[in-house]
$ cat run21.cif   # mmCIF, C-alpha atoms
data_my_file
#
loop_
_atom_site.label_atom_id
_atom_site.label_comp_id
_atom_site.auth_asym_id
_atom_site.auth_seq_id
_atom_site.Cartn_x
_atom_site.Cartn_y
_atom_site.Cartn_z
CA LEU A 104 -13.90 13.90 44.57
CA SER A 105 -12.18 14.55 41.30
CA PRO A 106 -10.56 11.78 39.24
CA CYS A 107 -7.44 13.98 39.24
CA VAL A 108 -7.05 13.87 43.04
CA PRO A 109 -4.12 11.62 44.00
CA TRP A 110 -5.20 8.06 44.67
CA GLN A 111 -3.97 8.16 48.28
CA SER A 112 -6.69 10.66 49.16
CA GLN A 113 -9.50 8.49 47.83
CA THR A 114 -10.78 5.17 48.97
CA SER A 115 -9.73 2.19 46.90
CA GLY A 116 -13.27 1.57 45.67
CA GLN A 117 -13.77 5.15 44.50
CA TYR A 118 -10.43 5.11 42.67
CA GLN A 119 -11.22 1.86 40.92
CA ARG A 120 -14.63 3.08 39.79
CA ARG A 121 -13.21 6.36 38.49
CA VAL A 122 -10.05 5.04 36.83
CA HIS A 123 -10.62 1.33 36.24
CA GLY A 124 -14.36 1.33 35.73
CA ARG A 125 -14.28 -0.45 32.37
CA ILE A 126 -13.89 -4.05 31.34
CA GLY A 127 -11.91 -4.98 28.24
CA THR A 128 -9.33 -7.32 26.79
CA TYR A 129 -5.59 -6.82 26.96
CA SER A 130 -3.97 -6.97 23.54
CA SER A 131 -0.76 -8.37 25.05
CA LYS A 132 -2.68 -11.28 26.62
CA ILE A 133 -4.29 -11.99 23.25
CA VAL A 134 -0.93 -11.98 21.47
CA HIS A 135 1.15 -13.87 24.03
CA ASP A 136 -1.38 -16.22 25.65
CA LEU A 137 -4.27 -16.30 23.15
CA ASP A 138 -6.37 -15.21 26.13
CA VAL A 139 -9.47 -13.11 25.44
CA GLU A 140 -10.69 -13.02 29.04
CA ARG A 141 -11.95 -9.57 30.00
CA PHE A 142 -10.36 -7.62 32.86
CA LEU A 143 -10.74 -4.21 34.48
CA ILE A 144 -8.77 -1.71 32.43
CA CYS A 145 -8.18 1.98 32.93
CA ARG A 146 -10.16 4.45 30.84
CA ALA A 147 -7.05 5.71 29.02
CA SER A 148 -6.24 2.17 27.87
CA GLU A 149 -9.85 1.59 26.94
CA SER A 150 -9.82 4.72 24.79
CA GLU A 151 -6.64 3.63 23.00
CA LEU A 152 -7.91 0.06 22.52
CA ASP A 153 -11.23 1.37 21.12
CA HIS A 154 -9.27 3.52 18.69
CA ILE A 155 -7.17 0.62 17.33
CA HIS A 156 -9.70 -2.21 17.82
CA GLU A 157 -10.53 -2.72 14.13
CA LYS A 158 -7.17 -1.76 12.64
CA PRO A 159 -4.92 -4.59 11.41
CA ILE A 160 -1.87 -3.85 13.56
CA ILE A 161 -0.90 -7.20 15.09
CA PRO A 162 1.69 -9.06 13.01
CA ARG A 163 1.11 -12.81 13.16
CA SER A 164 4.86 -13.20 13.62
CA ILE A 165 4.67 -11.80 17.18
CA ILE A 166 1.86 -14.12 18.28
CA ASN A 167 3.15 -16.78 20.63
CA SER A 168 4.57 -19.27 18.11
CA LYS A 169 4.22 -22.34 20.36
CA LEU A 170 0.50 -21.70 20.74
CA TYR A 171 0.15 -20.52 17.15
CA PHE A 172 1.65 -23.51 15.39
CA SER A 173 0.06 -26.06 17.74
CA ASN A 174 -3.36 -24.66 16.89
CA GLU A 175 -4.84 -26.12 13.68
CA THR A 176 -7.28 -23.25 13.32
CA MET A 177 -4.41 -20.73 13.43
CA GLN A 178 -2.76 -22.62 10.58
CA ARG A 179 -6.04 -22.49 8.64
CA LEU A 180 -6.13 -18.73 9.23
CA SER A 181 -2.61 -18.40 7.75
CA ILE A 182 -3.62 -20.27 4.60
CA VAL A 183 -6.87 -18.32 4.22
CA GLN A 184 -5.08 -14.98 4.67
CA LEU A 185 -2.51 -15.96 2.04
CA GLN A 186 -5.24 -17.08 -0.37
CA LEU A 187 -7.12 -13.81 0.10
CA THR A 188 -4.04 -11.67 -0.58
CA ILE A 189 -3.32 -13.66 -3.75
CA MET A 190 -6.96 -13.31 -4.82
CA CYS A 191 -6.63 -9.55 -4.37
CA ASN A 192 -4.54 -9.45 -7.56
CA PHE A 193 -7.51 -10.88 -9.45
CA ILE A 194 -10.14 -8.78 -7.68
CA GLU A 195 -8.37 -5.45 -8.08
CA THR A 196 -8.18 -5.82 -11.86
CA CYS A 197 -11.74 -7.14 -12.26
CA SER A 198 -14.49 -4.90 -13.58
CA GLN A 199 -16.67 -6.07 -10.65
CA LYS A 200 -14.13 -5.16 -7.96
CA THR A 201 -16.49 -2.81 -6.07
CA SER A 202 -19.04 -5.53 -5.41
CA LEU A 203 -16.33 -8.13 -4.76
CA ARG A 204 -14.72 -6.03 -2.02
CA LYS A 205 -18.07 -6.02 -0.18
CA VAL A 206 -17.89 -9.79 0.35
CA LEU A 207 -15.56 -9.26 3.33
CA GLY A 208 -17.32 -6.11 4.57
CA THR A 209 -15.30 -4.41 7.31
CA ARG A 210 -12.71 -7.17 7.10
CA SER A 211 -11.61 -6.23 3.58
CA TYR A 212 -8.10 -5.62 4.92
CA PHE A 213 -7.60 -9.40 4.65
CA LEU A 214 -7.29 -8.84 0.88
CA TYR A 215 -4.30 -6.56 1.35
CA GLU A 216 -2.57 -7.86 4.48
CA ASP A 217 -1.44 -11.48 4.76
CA ASP A 218 0.46 -11.07 8.02
CA LEU A 219 -1.56 -8.54 10.03
CA ILE A 220 -4.72 -9.01 12.05
CA SER A 221 -6.82 -6.65 14.17
CA ILE A 222 -7.57 -7.06 17.86
CA ARG A 223 -11.28 -7.42 17.00
CA ASP A 224 -10.52 -10.27 14.62
CA MET A 225 -8.16 -12.01 17.06
CA VAL A 226 -10.97 -11.95 19.63
CA ALA A 227 -13.48 -13.16 17.01
CA PHE A 228 -11.02 -15.82 15.91
CA LEU A 229 -10.51 -17.12 19.45
CA ASN A 230 -14.20 -16.88 20.41
CA SER A 231 -16.02 -17.99 17.29
CA ASN A 232 -15.85 -18.94 13.65
CA LEU A 233 -13.83 -16.17 11.97
CA VAL A 234 -11.89 -18.67 9.88
CA ASP A 235 -15.11 -20.32 8.69
CA ARG A 236 -16.44 -16.92 7.57
CA LEU A 237 -13.19 -16.13 5.76
CA GLU A 238 -13.24 -19.55 4.08
CA VAL A 239 -16.75 -18.75 2.80
CA ALA A 240 -15.34 -15.53 1.30
CA VAL A 241 -12.49 -17.53 -0.31
CA LYS A 242 -15.03 -19.90 -1.88
CA THR A 243 -17.08 -16.96 -3.15
CA TYR A 244 -14.01 -15.35 -4.71
CA GLU A 245 -12.79 -18.68 -6.11
CA LYS A 246 -16.16 -19.31 -7.76
CA HIS A 247 -16.09 -15.84 -9.30
CA ILE A 248 -12.49 -16.12 -10.52
CA THR A 249 -12.59 -19.69 -11.83
CA ARG A 250 -16.15 -19.96 -13.22
CA GLU A 251 -18.13 -16.73 -13.35
CA CYS A 252 -15.80 -14.06 -14.71
CA ALA A 253 -14.05 -14.49 -18.06
CA GLN A 254 -11.78 -11.53 -17.28
CA CYS A 255 -10.48 -13.24 -14.12
CA CYS A 256 -10.45 -16.77 -15.52
CA VAL A 257 -7.99 -15.94 -18.31
CA LYS A 258 -5.36 -15.22 -15.64
CA GLY A 259 -5.11 -18.91 -14.80
CA TYR A 260 -2.26 -21.24 -15.75
CA PHE A 261 -2.23 -24.57 -17.48
CA CYS A 262 -0.24 -27.34 -15.85
CA GLU A 263 2.78 -28.11 -18.02
CA TYR A 264 3.15 -31.59 -16.52
CA CYS A 265 -0.28 -33.17 -16.81
CA LYS A 266 -1.58 -31.01 -19.70
CA ASP A 267 -4.99 -30.74 -17.98
CA PRO A 268 -7.19 -28.34 -20.00
CA GLN A 269 -8.64 -26.83 -16.79
CA PRO A 270 -6.75 -23.70 -15.70
CA ILE A 271 -5.17 -23.66 -12.25
CA PHE A 272 -4.70 -20.57 -10.11
CA THR A 273 -2.03 -19.37 -7.71
CA PHE A 274 -4.46 -19.20 -4.76
CA GLN A 275 -5.25 -22.93 -4.96
CA ILE A 276 -2.48 -23.45 -2.44
CA PRO A 277 -2.95 -27.01 -1.25
CA SER A 278 -3.19 -28.44 -4.77
CA ILE A 279 -0.66 -26.40 -6.76
CA LEU A 280 2.96 -25.32 -6.65
CA GLN A 281 4.27 -22.12 -8.20
CA CYS A 282 7.75 -21.90 -9.66
CA GLU A 283 9.70 -19.06 -8.07
CA THR A 284 11.75 -18.55 -11.25
CA CYS A 285 9.17 -18.48 -14.03
CA GLY A 286 5.96 -18.02 -11.98
CA GLY A 287 4.30 -21.03 -13.66
CA CYS A 288 1.88 -23.20 -11.70
CA PHE A 289 1.83 -26.99 -11.53
CA HIS A 290 -0.33 -29.58 -9.80
CA THR A 291 1.27 -31.11 -6.70
#
$ encode --input "run21.cif" --output "structure tokens"
Amino acid sequence: LSPCVPWQSQTSGQYQRRVHGRIGTYSSKIVHDLDVERFLICRASESELDHIHEKPIIPRSIINSKLYFSNETMQRLSIVQLQLTIMCNFIETCSQKTSLRKVLGTRSYFLYEDDLISIRDMVAFLNSNLVDRLEVAVKTYEKHITRECAQCCVKGYFCEYCKDPQPIFTFQIPSILQCETCGGCFHT
């Protein structure tokens, strides 16, 4: 029997094996329910999902907000993504940018996108320690920018309030505020 023969002429089991013979995750279930359970999917859907699996196409804004904001790890992901996109400004102008981009490997899109995430990374996020791995990358970049690279370090700010001689940086989100008018940074 051909997979093109109408389903009425085939037994249910044959049809399912020919059309729904694959197991995968539904992107809509990931986005709306934060559910990464695997289900039978048709081959056409599998092909499309394989094609977009690693591309950052899911805006965080469409993820179920009740689940998103009640989840502490999701909030950590938001902060880490924001820190990485701010750090991109430092990395892209650094003479060592080629080696710095390799820190994130295939997830280097986190440097350029603070609102998008791929299906692969949503699954990794919900199943494992994606945020922990991204936080390690943030620490690596922070160490480079604040201590190891003079070219990056000179882009820091000095707090106008406390006059601390240590520069502060825009990506140090929990401990600094940035003025929207002048762009200056201050300790919180």
$ resolve_selection --input "run21.cif" --expression "the PyMOL selection byres ((chain A and resi 191-194) around 7)" --output "number ranges by chain"
A: 187-190, 195-197, 200, 203, 214-215, 255
$ write_last_selection --input "run21.cif" --atoms "C-alpha atoms" --output "PDB file, in the frame of the given file"
ATOM      1  CA  LEU A 187      -7.120 -13.810   0.100  1.00  0.00           C
ATOM      2  CA  THR A 188      -4.040 -11.670  -0.580  1.00  0.00           C
ATOM      3  CA  ILE A 189      -3.320 -13.660  -3.750  1.00  0.00           C
ATOM      4  CA  MET A 190      -6.960 -13.310  -4.820  1.00  0.00           C
ATOM      5  CA  GLU A 195      -8.370  -5.450  -8.080  1.00  0.00           C
ATOM      6  CA  THR A 196      -8.180  -5.820 -11.860  1.00  0.00           C
ATOM      7  CA  CYS A 197     -11.740  -7.140 -12.260  1.00  0.00           C
ATOM      8  CA  LYS A 200     -14.130  -5.160  -7.960  1.00  0.00           C
ATOM      9  CA  LEU A 203     -16.330  -8.130  -4.760  1.00  0.00           C
ATOM     10  CA  LEU A 214      -7.290  -8.840   0.880  1.00  0.00           C
ATOM     11  CA  TYR A 215      -4.300  -6.560   1.350  1.00  0.00           C
ATOM     12  CA  CYS A 255     -10.480 -13.240 -14.120  1.00  0.00           C
TER      13      CYS A 255
END
$ residues_around --input "run21.cif" --residues "Ile222 (chain A)" --least-positions-apart "6" --cutoff "12 Å" --atoms "all atoms listed in the file" --output "ChimeraX atom specification"
/A:127-134,137-139,151-163,166,210,228-229
$ atom_distance --input "run21.cif" --atom1 "CA of Ala227 (chain A)" --atom2 "CA of Thr243 (chain A)"
20.8 Å
$ atom_distance --input "run21.cif" --atom1 "CA of Ser231 (chain A)" --atom2 "CA of Leu185 (chain A)"
20.5 Å
$ closest_residue --input "run21.cif" --among "A:Ile144, A:Leu219, A:Val234, A:Val226" --to "Gln178 (chain A)" --atoms "all atoms listed in the file"
A:Val234
$ residues_around --input "run21.cif" --residues "Thr291 (chain A)" --least-positions-apart "4" --cutoff "9 Å" --atoms "only C-alpha atoms" --output "PyMOL selection string"
chain A and resi 277-280
$ closest_residue --input "run21.cif" --among "A:Thr201, A:Ser181, A:Ser164, A:Thr273" --to "Asp217 (chain A)" --atoms "all atoms listed in the file"
A:Ser181
$ resolve_selection --input "run21.cif" --expression "the PyMOL selection byres ((chain A and resi 272) around 8)" --output "list of chain:residue names"
A:Lys258, A:Gly259, A:Tyr260, A:Pro270, A:Ile271, A:Thr273, A:Phe274, A:Gln275, A:Ile279, A:Cys288
$ atom_distance --input "run21.cif" --atom1 "CA of Gln269 (chain A)" --atom2 "CA of His290 (chain A)"
11.2 Å
$ residues_around --input "run21.cif" --residues "Leu233 (chain A)" --least-positions-apart "2" --cutoff "12 Å" --atoms "all atoms listed in the file" --output "count of residues only"
25
$ closest_residue --input "run21.cif" --among "A:Glu140, A:Thr209, A:Ile276, A:Ala147" --to "Glu245 (chain A)" --atoms "only C-alpha atoms"
A:Ile276
$ closest_residue --input "run21.cif" --among "A:Phe289, A:His247, A:Gln254, A:Tyr264" --to "Val206 (chain A)" --atoms "all atoms listed in the file"
A:His247
$ axis_aligned_box --input "run21.cif" --around "region 197-202 of chain A" --padding-each-side "8 Å" --output "JSON"
{"center_x": -15.4, "center_y": -5.0, "center_z": -9.5, "size_x": 23.3, "size_y": 20.3, "size_z": 24.2}
